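Trainee: The structure file run14.txt (compact mmCIF, C-alpha atoms and all ligand atoms) is provided below.
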```
# COMPACT_ATOMS: atom_id res chain seq x y z
CA MET A 1 18.15 2.08 -16.49
CA ASN A 2 17.88 -0.71 -13.97
CA LYS A 3 14.97 0.84 -12.10
CA GLU A 4 14.90 -1.81 -9.41
CA ARG A 5 18.29 -0.70 -8.10
CA ILE A 6 17.81 1.84 -5.34
CA LEU A 7 20.22 4.64 -4.43
CA VAL A 8 19.91 6.54 -1.16
CA SER A 9 22.04 9.39 0.17
CA GLY A 10 21.78 12.60 2.12
CA VAL A 11 23.61 15.65 3.35
CA GLN A 12 23.10 17.51 6.61
CA PRO A 13 21.72 21.07 6.37
CA THR A 14 24.33 22.45 8.74
CA GLY A 15 25.74 25.23 6.57
CA ARG A 16 26.74 26.13 3.04
CA LEU A 17 27.82 23.21 0.89
CA HIS A 18 31.47 23.12 -0.03
CA ILE A 19 33.60 21.63 -2.76
CA GLY A 20 34.44 18.66 -0.51
CA ASN A 21 30.74 17.75 -0.27
CA TYR A 22 30.42 18.11 -4.02
CA LEU A 23 33.51 16.22 -5.14
CA GLY A 24 33.28 13.59 -2.41
CA ALA A 25 29.60 12.78 -2.60
CA MET A 26 27.10 14.97 -4.43
CA LYS A 27 28.69 14.80 -7.86
CA GLN A 28 27.91 11.09 -7.81
CA PHE A 29 24.24 11.77 -7.04
CA VAL A 30 24.02 13.66 -10.32
CA GLU A 31 26.08 11.21 -12.33
CA LEU A 32 24.08 8.21 -11.14
CA GLN A 33 20.57 9.66 -11.26
CA ASN A 34 19.80 7.95 -14.56
CA ASP A 35 21.16 4.59 -13.44
CA TYR A 36 19.25 4.09 -10.21
CA GLU A 37 15.93 4.92 -8.65
CA SER A 38 17.34 7.63 -6.39
CA TYR A 39 16.19 8.93 -3.02
CA ILE A 40 18.21 11.97 -2.05
CA PHE A 41 17.39 13.79 1.14
CA ILE A 42 18.26 16.56 3.53
CA ALA A 43 19.26 15.06 6.89
CA ASP A 44 17.58 17.68 9.08
CA LEU A 45 17.11 15.39 12.09
CA HIS A 46 20.80 14.52 12.01
CA ALA A 47 21.62 18.23 11.81
CA LEU A 48 19.77 18.82 15.09
CA THR A 49 22.62 17.06 16.89
CA THR A 50 24.76 20.13 16.23
CA LEU A 51 22.42 22.90 15.03
CA GLN A 52 19.72 24.00 17.44
CA ASN A 53 18.58 27.23 15.87
CA PRO A 54 15.15 26.90 14.22
CA LYS A 55 15.48 29.85 11.87
CA GLU A 56 18.87 28.75 10.64
CA LEU A 57 17.76 25.15 10.22
CA SER A 58 14.69 26.12 8.14
CA GLU A 59 16.79 28.38 5.94
CA ASN A 60 19.46 25.74 5.50
CA ILE A 61 16.89 23.16 4.41
CA VAL A 62 15.64 25.36 1.57
CA ASP A 63 19.23 26.32 0.72
CA ILE A 64 20.40 22.73 0.38
CA ALA A 65 17.34 21.83 -1.69
CA THR A 66 18.24 24.72 -4.00
CA ASP A 67 21.84 23.49 -4.12
CA TYR A 68 20.75 19.97 -5.06
CA LEU A 69 18.79 21.37 -8.01
CA ALA A 70 21.60 23.73 -9.00
CA ILE A 71 24.16 20.95 -9.31
CA GLY A 72 21.82 19.17 -11.70
CA LEU A 73 19.57 16.79 -9.81
CA ASN A 74 16.41 16.38 -11.84
CA PRO A 75 13.33 16.25 -9.58
CA ASP A 76 11.45 14.30 -12.26
CA ARG A 77 13.90 11.46 -11.83
CA VAL A 78 15.07 11.78 -8.27
CA THR A 79 12.90 11.76 -5.15
CA LEU A 80 14.14 14.78 -3.26
CA PHE A 81 12.92 15.14 0.32
CA LYS A 82 13.71 16.12 3.85
CA GLN A 83 14.31 13.43 6.43
CA SER A 84 11.80 14.83 8.93
CA ASP A 85 9.01 14.15 6.42
CA VAL A 86 9.67 10.45 6.98
CA PRO A 87 9.16 10.08 10.74
CA GLN A 88 9.18 6.31 10.27
CA VAL A 89 13.00 6.52 10.30
CA THR A 90 12.98 7.52 13.95
CA GLU A 91 10.75 4.55 14.77
CA LEU A 92 13.13 2.23 12.96
CA ALA A 93 16.18 3.83 14.59
CA TRP A 94 14.61 3.05 17.97
CA ILE A 95 14.23 -0.59 17.01
CA PHE A 96 17.87 -0.61 15.90
CA ASN A 97 18.82 0.86 19.31
CA THR A 98 17.47 -2.28 20.92
CA ILE A 99 19.65 -4.66 18.90
CA THR A 100 22.89 -2.64 19.06
CA THR A 101 25.31 -2.61 21.98
CA VAL A 102 26.86 0.47 23.55
CA PRO A 103 30.50 -0.67 23.11
CA TYR A 104 29.83 -1.30 19.40
CA LEU A 105 28.59 2.28 18.85
CA MET A 106 31.40 3.70 20.97
CA ARG A 107 33.85 2.58 18.31
CA ALA A 108 32.38 5.00 15.74
CA HIS A 109 34.95 7.61 14.64
CA ALA A 110 32.39 10.44 14.63
CA PHE A 111 31.47 9.73 18.26
CA LYS A 112 35.11 9.43 19.30
CA ASP A 113 35.89 12.76 17.61
CA ALA A 114 32.91 14.42 19.27
CA GLU A 115 33.97 13.07 22.63
CA ALA A 116 37.52 14.30 22.15
CA ASN A 117 36.36 17.80 21.15
CA ARG A 118 33.35 18.44 23.37
CA SER A 119 32.89 17.91 27.06
CA GLU A 120 29.31 16.67 26.82
CA VAL A 121 28.20 14.67 23.81
CA ASN A 122 24.44 14.43 23.27
CA VAL A 123 22.69 11.09 22.90
CA GLY A 124 21.75 12.01 19.32
CA THR A 125 25.41 12.26 18.35
CA PHE A 126 26.06 8.86 19.89
CA ASP A 127 23.05 7.36 18.15
CA TYR A 128 23.68 9.13 14.84
CA PRO A 129 24.81 6.00 12.93
CA LEU A 130 21.58 4.15 13.75
CA LEU A 131 19.37 6.94 12.42
CA MET A 132 21.53 6.88 9.32
CA ALA A 133 21.12 3.10 9.07
CA ALA A 134 17.36 3.62 9.28
CA ASP A 135 17.44 6.25 6.46
CA ILE A 136 19.19 3.77 4.23
CA LEU A 137 17.54 0.48 5.13
CA ILE A 138 13.98 1.79 5.22
CA GLN A 139 14.18 2.57 1.49
CA ASP A 140 15.77 -0.78 0.56
CA ALA A 141 18.92 0.90 -0.73
CA ASP A 142 21.32 -1.11 -2.86
CA VAL A 143 23.93 1.61 -3.02
CA VAL A 144 24.87 4.64 -0.93
CA PRO A 145 27.19 7.19 -2.56
CA VAL A 146 29.16 9.02 0.14
CA GLY A 147 32.56 10.51 0.84
CA LEU A 148 35.32 8.44 2.38
CA ASP A 149 34.62 9.79 5.88
CA GLN A 150 31.21 8.09 5.87
CA LYS A 151 32.57 4.63 5.09
CA GLN A 152 32.32 3.45 8.68
CA HIS A 153 28.69 4.56 8.90
CA ILE A 154 27.84 2.34 5.94
CA GLU A 155 29.67 -0.56 7.58
CA ILE A 156 27.55 -0.03 10.69
CA THR A 157 24.44 0.05 8.50
CA ARG A 158 25.40 -3.28 6.94
CA ASP A 159 26.03 -4.84 10.36
CA VAL A 160 22.68 -3.62 11.65
CA ALA A 161 20.83 -5.01 8.61
CA LEU A 162 22.49 -8.40 9.01
CA LYS A 163 21.82 -8.49 12.73
CA PHE A 164 18.15 -7.59 12.34
CA ASN A 165 17.74 -10.20 9.61
CA ARG A 166 19.41 -12.80 11.82
CA ILE A 167 17.16 -12.08 14.81
CA PHE A 168 13.82 -11.43 13.12
CA GLY A 169 14.09 -12.87 9.62
CA ASP A 170 14.98 -11.41 6.24
CA VAL A 171 13.69 -7.86 5.93
CA PHE A 172 16.56 -5.62 4.89
CA ARG A 173 18.79 -5.45 1.85
CA VAL A 174 22.47 -5.09 2.74
CA PRO A 175 23.67 -1.96 0.89
CA GLU A 176 27.06 -1.19 -0.65
CA PRO A 177 28.85 2.15 -0.25
CA LEU A 178 29.86 3.95 -3.44
CA ILE A 179 33.03 5.83 -2.65
CA LEU A 180 35.02 7.38 -5.48
CA GLU A 181 38.42 5.79 -5.19
CA ASN A 182 40.22 8.67 -6.90
CA VAL A 183 38.68 11.33 -4.63
CA GLN A 184 40.42 11.43 -1.30
CA THR A 185 39.07 13.46 1.57
CA ILE A 186 39.32 17.06 0.35
CA LEU A 187 41.38 19.20 2.68
CA GLY A 188 40.23 22.60 3.80
CA THR A 189 42.02 25.92 3.82
CA ASP A 190 43.68 25.05 7.14
CA GLY A 191 44.98 21.67 6.01
CA ARG A 192 42.39 19.69 8.02
CA LYS A 193 39.47 17.82 6.41
CA MET A 194 37.27 20.36 4.67
CA SER A 195 34.15 20.49 6.82
CA LYS A 196 31.30 22.87 7.52
CA SER A 197 32.05 22.48 11.19
CA TYR A 198 35.69 23.62 10.87
CA LYS A 199 35.00 26.86 8.95
CA ASN A 200 37.77 25.95 6.51
CA THR A 201 35.64 25.48 3.43
CA ILE A 202 35.47 26.78 -0.11
CA SER A 203 31.73 27.02 -0.65
CA LEU A 204 30.31 25.48 -3.78
CA PHE A 205 28.50 28.67 -4.68
CA SER A 206 31.06 31.24 -3.46
CA THR A 207 31.55 34.62 -5.02
CA ASP A 208 34.83 35.25 -6.84
CA THR A 209 36.08 37.27 -3.87
CA GLU A 210 35.24 34.48 -1.44
CA ILE A 211 37.10 31.97 -3.62
CA GLN A 212 40.09 34.27 -3.76
CA GLU A 213 40.14 34.83 -0.01
CA ALA A 214 39.72 31.14 0.79
CA VAL A 215 42.49 29.98 -1.56
CA MET A 216 44.86 32.68 -0.32
CA LYS A 217 44.45 31.27 3.21
CA ILE A 218 45.70 27.79 2.28
CA PRO A 219 48.83 27.13 4.38
CA THR A 220 52.09 26.23 2.64
CA ASP A 221 55.67 25.74 3.69
CA SER A 222 58.18 28.52 3.05
CA LYS A 223 59.91 27.21 -0.10
CA GLY A 224 60.88 29.91 -2.62
CA VAL A 225 59.82 30.08 -6.27
CA ASN A 226 62.80 28.19 -7.66
CA GLU A 227 63.01 25.45 -5.06
CA PRO A 228 61.64 22.02 -6.04
CA LYS A 229 58.42 21.10 -4.24
CA ASP A 230 56.65 17.80 -3.69
CA PRO A 231 53.25 18.29 -5.37
CA ASP A 232 51.77 15.40 -3.42
CA LYS A 233 52.52 17.08 -0.11
CA ASP A 234 51.14 20.50 -0.98
CA ASN A 235 47.63 21.62 0.01
CA ILE A 236 47.25 23.83 -3.07
CA PHE A 237 48.29 21.11 -5.47
CA ALA A 238 45.84 18.73 -3.80
CA LEU A 239 43.06 20.97 -5.14
CA HIS A 240 44.63 21.40 -8.58
CA LYS A 241 43.98 17.66 -8.98
CA TYR A 242 40.27 18.45 -9.15
CA PHE A 243 40.18 21.83 -10.87
CA THR A 244 43.19 22.08 -13.19
CA GLU A 245 43.06 20.00 -16.32
CA GLY A 246 44.95 19.08 -19.48
CA PRO A 247 48.39 20.43 -20.27
CA GLU A 248 48.13 23.14 -17.61
CA PHE A 249 48.04 20.40 -14.95
CA GLY A 250 51.03 18.47 -16.35
CA GLU A 251 53.10 21.64 -16.73
CA LEU A 252 52.33 22.68 -13.19
CA ARG A 253 53.35 19.29 -11.80
CA ASP A 254 56.64 19.47 -13.74
CA LYS A 255 57.30 22.96 -12.43
CA TYR A 256 56.60 21.89 -8.86
CA GLU A 257 59.09 19.06 -9.17
CA ALA A 258 61.80 21.01 -10.98
CA GLY A 259 61.28 24.37 -9.26
CA GLY A 260 59.99 27.43 -11.11
CA VAL A 261 56.55 27.99 -9.69
CA GLY A 262 55.86 29.75 -6.42
CA TYR A 263 52.94 29.10 -4.13
CA ARG A 264 51.47 32.49 -5.00
CA GLU A 265 51.34 31.69 -8.71
CA SER A 266 49.99 28.23 -7.97
CA LYS A 267 47.22 29.82 -5.91
CA GLU A 268 46.40 32.28 -8.68
CA ILE A 269 46.02 29.47 -11.21
CA LEU A 270 43.82 27.59 -8.76
CA ILE A 271 41.62 30.65 -8.15
CA LYS A 272 41.11 31.11 -11.90
CA ASN A 273 40.14 27.47 -12.37
CA ILE A 274 37.84 27.26 -9.37
CA ILE A 275 36.09 30.42 -10.56
CA SER A 276 35.47 28.95 -13.99
CA PHE A 277 34.08 25.82 -12.40
CA ILE A 278 31.85 27.59 -9.89
CA SER A 279 30.46 30.53 -11.88
CA PRO A 280 27.99 28.56 -14.06
CA LEU A 281 26.75 26.67 -10.97
CA ARG A 282 26.33 29.93 -9.13
CA GLU A 283 24.32 31.46 -11.98
CA LYS A 284 22.02 28.48 -12.10
CA ARG A 285 21.57 28.61 -8.36
CA ASN A 286 20.74 32.33 -8.38
CA LYS A 287 17.95 31.70 -10.91
CA LEU A 288 16.51 28.83 -8.87
CA ALA A 289 16.66 30.84 -5.66
CA GLU A 290 14.14 33.31 -7.15
CA LYS A 291 11.44 30.65 -6.80
CA PRO A 292 11.64 29.19 -3.30
CA LYS A 293 7.96 28.16 -3.35
CA GLU A 294 8.58 25.78 -6.26
CA ILE A 295 11.48 24.25 -4.38
CA ILE A 296 9.35 23.73 -1.29
CA GLU A 297 6.69 22.01 -3.44
CA ILE A 298 9.33 19.63 -4.81
CA LEU A 299 10.38 18.73 -1.28
CA LYS A 300 6.77 18.21 -0.18
CA ALA A 301 5.98 15.86 -3.05
CA GLY A 302 9.23 13.97 -2.54
CA GLY A 303 8.52 13.66 1.18
CA GLU A 304 5.13 12.13 0.50
CA LYS A 305 6.59 9.55 -1.85
CA ALA A 306 9.46 8.62 0.45
CA ARG A 307 7.12 8.40 3.44
CA LYS A 308 4.76 6.01 1.66
CA ARG A 309 7.62 3.69 0.79
CA ALA A 310 8.95 3.86 4.33
CA GLU A 311 5.53 3.08 5.80
CA GLU A 312 5.26 -0.04 3.63
CA LYS A 313 8.63 -1.20 4.90
CA MET A 314 7.68 -0.47 8.52
CA LYS A 315 4.57 -2.63 8.22
CA GLU A 316 6.87 -5.51 7.45
CA VAL A 317 9.18 -4.58 10.34
CA ARG A 318 6.30 -4.28 12.87
CA GLU A 319 5.05 -7.67 11.76
CA LYS A 320 8.48 -9.26 12.20
CA ILE A 321 9.18 -7.83 15.64
CA GLY A 322 5.78 -8.93 16.92
CA VAL A 323 3.94 -5.69 17.69
CA ASN A 324 1.35 -6.08 14.96
CA ILE A 325 -1.36 -8.01 16.78
CA TYR A 326 -4.42 -6.80 14.86
P1 LIG B 401 30.55 18.35 6.63
O1 LIG B 401 31.68 17.53 7.22
O2 LIG B 401 31.07 19.49 5.86
O3 LIG B 401 29.51 18.73 7.63
P2 LIG B 401 28.71 16.32 5.78
O4 LIG B 401 29.09 15.51 6.97
O5 LIG B 401 27.34 16.92 5.73
O6 LIG B 401 29.81 17.45 5.57
O7 LIG B 401 28.97 15.45 4.49
C1 LIG B 401 28.14 15.37 3.34
C2 LIG B 401 28.78 14.45 2.34
O8 LIG B 401 29.98 15.07 1.83
C3 LIG B 401 29.23 13.10 2.91
O9 LIG B 401 28.99 12.05 1.96
C4 LIG B 401 30.69 13.28 3.14
O10 LIG B 401 31.40 12.06 3.07
C5 LIG B 401 31.10 14.22 2.03
N1 LIG B 401 32.23 15.05 2.46
C6 LIG B 401 32.23 15.95 3.48
N2 LIG B 401 33.41 16.55 3.61
C7 LIG B 401 34.21 15.99 2.66
C8 LIG B 401 35.57 16.19 2.29
N3 LIG B 401 36.34 17.07 2.91
N4 LIG B 401 36.06 15.46 1.28
C9 LIG B 401 35.28 14.55 0.62
N5 LIG B 401 34.00 14.32 0.91
C10 LIG B 401 33.45 15.02 1.92
N1 LIG B 402 25.95 11.22 7.88
C1 LIG B 402 25.88 11.80 6.58
C2 LIG B 402 26.88 12.95 6.50
O1 LIG B 402 27.26 13.51 7.49
C3 LIG B 402 24.50 12.32 6.25
C4 LIG B 402 23.53 11.21 6.18
C5 LIG B 402 22.49 10.97 7.06
C6 LIG B 402 23.47 10.19 5.20
N2 LIG B 402 21.80 9.87 6.66
C7 LIG B 402 22.36 9.36 5.54
C8 LIG B 402 24.24 9.89 4.08
C9 LIG B 402 22.04 8.25 4.77
C10 LIG B 402 23.90 8.76 3.32
C11 LIG B 402 22.81 7.96 3.66
O2 LIG B 402 27.25 13.27 5.45
```
Just give me the structure of the file as structure tokens.
Mentor:
Amino acid sequence: MNKERILVSGVQPTGRLHIGNYLGAMKQFVELQNDYESYIFIADLHALTTLQNPKELSENIVDIATDYLAIGLNPDRVTLFKQSDVPQVTELAWIFNTITTVPYLMRAHAFKDAEANRSEVNVGTFDYPLLMAADILIQDADVVPVGLDQKQHIEITRDVALKFNRIFGDVFRVPEPLILENVQTILGTDGRKMSKSYKNTISLFSTDTEIQEAVMKIPTDSKGVNEPKDPDKDNIFALHKYFTEGPEFGELRDKYEAGGVGYRESKEILIKNIISFISPLREKRNKLAEKPKEIIEILKAGGEKARKRAEEKMKEVREKIGVNIY
């Protein structure tokens, strides 16, 4: 393992994780944990921009930590922590605020979407990409595994690092995104991007009944069993690409193209395959969830380690910007 290479990524504790989060981002955290020194966190301060319910936030934090362990992150290798245990990121985000212009941040897709959907967007939502840049740059990340929808945030992070370095001198590494080219944005059960905020998800740890209900909701056109169908334009088939393997996948594609499989049958096959993927994860998660105290201890220890690293970096930053006069 090249231990000097640093990996940083996080997920917001805004609800139950779904298969889009897993396939788009989290699967890579597990696959890469032996190749990088990894810092994986729970973005609780980011979550506050949309979730302002203390009980729910606390529960979600422990839930996501449990999820991280259930998908196979090994706390002996990976530093697992919650963002709020590293308050230095908010200090750094403030400094980034001062070198970033308003029109530049207004071009962010997430802000534009929020503005289109809500009448009053909070400052945190506007500033979101700079807190994210701080999360990444404060740990000297080389790589940031994320889903396609986060690509622009990593571009902003790179711009901010370069700008800071230009103004104050070399401090930050310029990180690369790691986006799985063969995983497109996973669509939800309403045909939009699968997202916790759209309530169109298939949760990563769903019960069999929940999986069944979610898949049955996926919208289709009204083609009959024997009519040919374009597999690349069908929301059900889009998920078969991730859950149906081997000859079953090839046969299904052929049947879509030639006619001979109905959407109902396609959904039933998908339900069976998602269940066989999810049930071992669910069992592992149920076992872990019996010991929440151990999970909290893992987060505490990870927080301490991440905070120490961040503080070292901030000493350098404070020196460069000229506030360290002692
Ligand atoms: P959500 O949109 O459900 O709130 P987050 O914004 O917390 O999810 O995203 C966590 C990670 O999962 C990010 O790296 C993001 O790119 C990835 N991700 C989220 N939704 C999808 C999706 N539908 N397809 C692929 N990756 C996704
Ligand atoms: N914005 C990310 C998301 O919605 C979460 C996040 C916050 C993040 N800070 C990060 C991801 C730093 C990677 C690195 O998914």
Trainee: Using only C-alpha atoms, which residues sit within 9 Å of Met132 (chain A) once same-chain residues fewer than 3 positions away are excluded, as a list in words?
Mentor: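 Using only C-alpha atoms, the neighbours found are Ala43, His46, Val89, Ala93, Asp127, Tyr128, Pro129, Asp135, Ile136, Leu137, His153, Ile154 and Thr157 of chain A.
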Trainee: Can I get the residues of chain A within 10 Å of ligand LIG 402 (chain B), each with the closest pair of atoms and their distance in Å to one decimal, using only C-alpha atoms and all ligand atoms, sorted chain first then ascending number, as CSV?
Mentor:
```
residue,atom,partner,partner_atom,distance
A:Leu7,CA,B:LIG402,C11,9.1
A:Val8,CA,B:LIG402,C11,5.8
A:Ser9,CA,B:LIG402,C10,3.7
A:Gly10,CA,B:LIG402,C8,4.2
A:Val11,CA,B:LIG402,C3,4.5
A:Gln12,CA,B:LIG402,C3,5.4
A:Pro13,CA,B:LIG402,C3,9.2
A:Thr14,CA,B:LIG402,O1,9.5
A:Asn21,CA,B:LIG402,O2,8.1
A:Gly24,CA,B:LIG402,O2,9.9
A:Ala25,CA,B:LIG402,O2,8.4
A:Tyr39,CA,B:LIG402,C11,9.5
A:Ile40,CA,B:LIG402,C11,8.4
A:Phe41,CA,B:LIG402,C7,8.0
A:Ile42,CA,B:LIG402,C5,7.8
A:Ala43,CA,B:LIG402,C5,5.2
A:Asp44,CA,B:LIG402,C5,8.6
A:Leu45,CA,B:LIG402,C5,8.6
A:His46,CA,B:LIG402,C5,6.3
A:Ala47,CA,B:LIG402,O1,8.5
A:Gln83,CA,B:LIG402,N2,8.3
A:Ala110,CA,B:LIG402,O1,9.3
A:Tyr128,CA,B:LIG402,N1,7.6
A:Pro129,CA,B:LIG402,N1,7.4
A:Leu130,CA,B:LIG402,N2,9.1
A:Leu131,CA,B:LIG402,N2,6.9
A:Met132,CA,B:LIG402,N2,4.0
A:Ala133,CA,B:LIG402,C9,6.8
A:Ala134,CA,B:LIG402,C9,8.0
A:Asp135,CA,B:LIG402,C9,5.3
A:Ile136,CA,B:LIG402,C9,5.3
A:Leu137,CA,B:LIG402,C9,9.0
A:Ala141,CA,B:LIG402,C11,9.2
A:Val143,CA,B:LIG402,C11,9.3
A:Val144,CA,B:LIG402,C10,6.0
A:Pro145,CA,B:LIG402,C10,6.9
A:Val146,CA,B:LIG402,C10,6.2
A:Gly147,CA,B:LIG402,O2,7.6
A:Leu148,CA,B:LIG402,O2,9.9
A:Asp149,CA,B:LIG402,O2,8.2
A:Gln150,CA,B:LIG402,N1,6.4
A:Lys151,CA,B:LIG402,N1,9.7
A:His153,CA,B:LIG402,N1,7.3
A:Ile154,CA,B:LIG402,C11,7.9
A:Thr157,CA,B:LIG402,C9,9.3
A:Pro177,CA,B:LIG402,C10,9.0
A:Ser195,CA,B:LIG402,O1,9.8
```
Trainee: Please determine, counting all atoms listed in the file, which residue among A:Val78, A:Leu92, A:Leu162, A:Leu239 has the shortest atom-to-atom distance to ligand LIG 401 (chain B).
Mentor: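 Smallest distance to ligand LIG 401 (chain B) is found for A:Leu239.
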Trainee: Using only C-alpha atoms, tabulate the residues of region 11-41 of chain A lying at most 12 Å from any atom of region 262-279 of chain A, each with its closest atom pair and that distance in Å to one decimal, by chain and increasing residue number, as a tab-separated table.
Mentor:
```
residue	atom	partner	partner_atom	distance
A:His18	CA	A:Ile278	CA	10.8
A:Ile19	CA	A:Ile278	CA	9.5
A:Tyr22	CA	A:Ile278	CA	11.2
```
Trainee: Using the file's own x, y and z axes, so that the box edges lie along x, y and z, what centre and edge lengths in Å (one decimal) does a box around every listed atom of ligand LIG 401 (chain B) get when 4 Å is added on each side? Give it as AutoDock Vina command-line options.
Mentor:
```
--center_x 31.8 --center_y 15.8 --center_z 4.1 --size_x 17.0 --size_y 15.4 --size_z 15.0
```
Trainee: Could you check which of A:Glu91, A:Asp142, A:Asp190, A:Glu115 is closest to ligand LIG 401 (chain B), using all atoms listed in the file?
Mentor: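 Looking at the shortest contact to ligand LIG 401 (chain B), the residue is A:Asp190.
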Trainee: Using the block above, I'd like region 89-105 of chain A written out, keeping N, CA and C atoms and formatting it as a CSV table (one decimal), in the first residue's frame.
Mentor:
```
chain,number,residue,atom,x,y,z
A,89,VAL,N,-12.4,22.6,10.2
A,89,VAL,CA,-12.9,22.8,8.8
A,89,VAL,C,-13.8,24.0,8.7
A,90,THR,N,-14.5,24.4,9.7
A,90,THR,CA,-15.3,25.6,9.6
A,90,THR,C,-14.4,26.9,9.6
A,91,GLU,N,-13.3,26.8,10.3
A,91,GLU,CA,-12.4,27.9,10.2
A,91,GLU,C,-11.8,28.1,8.8
A,92,LEU,N,-11.4,26.9,8.3
A,92,LEU,CA,-10.8,27.0,6.9
A,92,LEU,C,-11.9,27.4,5.9
A,93,ALA,N,-13.1,26.9,6.1
A,93,ALA,CA,-14.2,27.3,5.1
A,93,ALA,C,-14.3,28.8,5.1
A,94,TRP,N,-14.2,29.4,6.3
A,94,TRP,CA,-14.3,30.9,6.4
A,94,TRP,C,-13.2,31.6,5.6
A,95,ILE,N,-12.0,31.0,5.7
A,95,ILE,CA,-10.9,31.6,5.0
A,95,ILE,C,-11.2,31.5,3.5
A,96,PHE,N,-11.7,30.3,3.1
A,96,PHE,CA,-12.0,30.1,1.7
A,96,PHE,C,-13.1,31.1,1.2
A,97,ASN,N,-14.1,31.4,2.1
A,97,ASN,CA,-15.1,32.4,1.8
A,97,ASN,C,-14.5,33.7,1.3
A,98,THR,N,-13.3,34.1,1.9
A,98,THR,CA,-12.8,35.4,1.7
A,98,THR,C,-12.0,35.4,0.3
A,99,ILE,N,-11.7,34.3,-0.3
A,99,ILE,CA,-11.0,34.3,-1.5
A,99,ILE,C,-11.9,33.8,-2.7
A,100,THR,N,-13.2,33.7,-2.4
A,100,THR,CA,-14.1,33.1,-3.4
A,100,THR,C,-15.1,34.2,-3.8
A,101,THR,N,-15.5,34.4,-5.0
A,101,THR,CA,-16.5,35.4,-5.3
A,101,THR,C,-17.9,34.8,-5.3
A,102,VAL,N,-18.9,35.7,-5.1
A,102,VAL,CA,-20.3,35.3,-5.1
A,102,VAL,C,-20.7,34.7,-6.5
A,103,PRO,N,-20.4,35.4,-7.6
A,103,PRO,CA,-20.8,34.9,-8.9
A,103,PRO,C,-20.2,33.5,-9.2
A,104,TYR,N,-19.0,33.2,-8.7
A,104,TYR,CA,-18.4,31.9,-8.9
A,104,TYR,C,-19.2,30.8,-8.2
A,105,LEU,N,-19.6,31.1,-7.0
A,105,LEU,CA,-20.4,30.1,-6.2
A,105,LEU,C,-21.8,29.9,-6.7
```
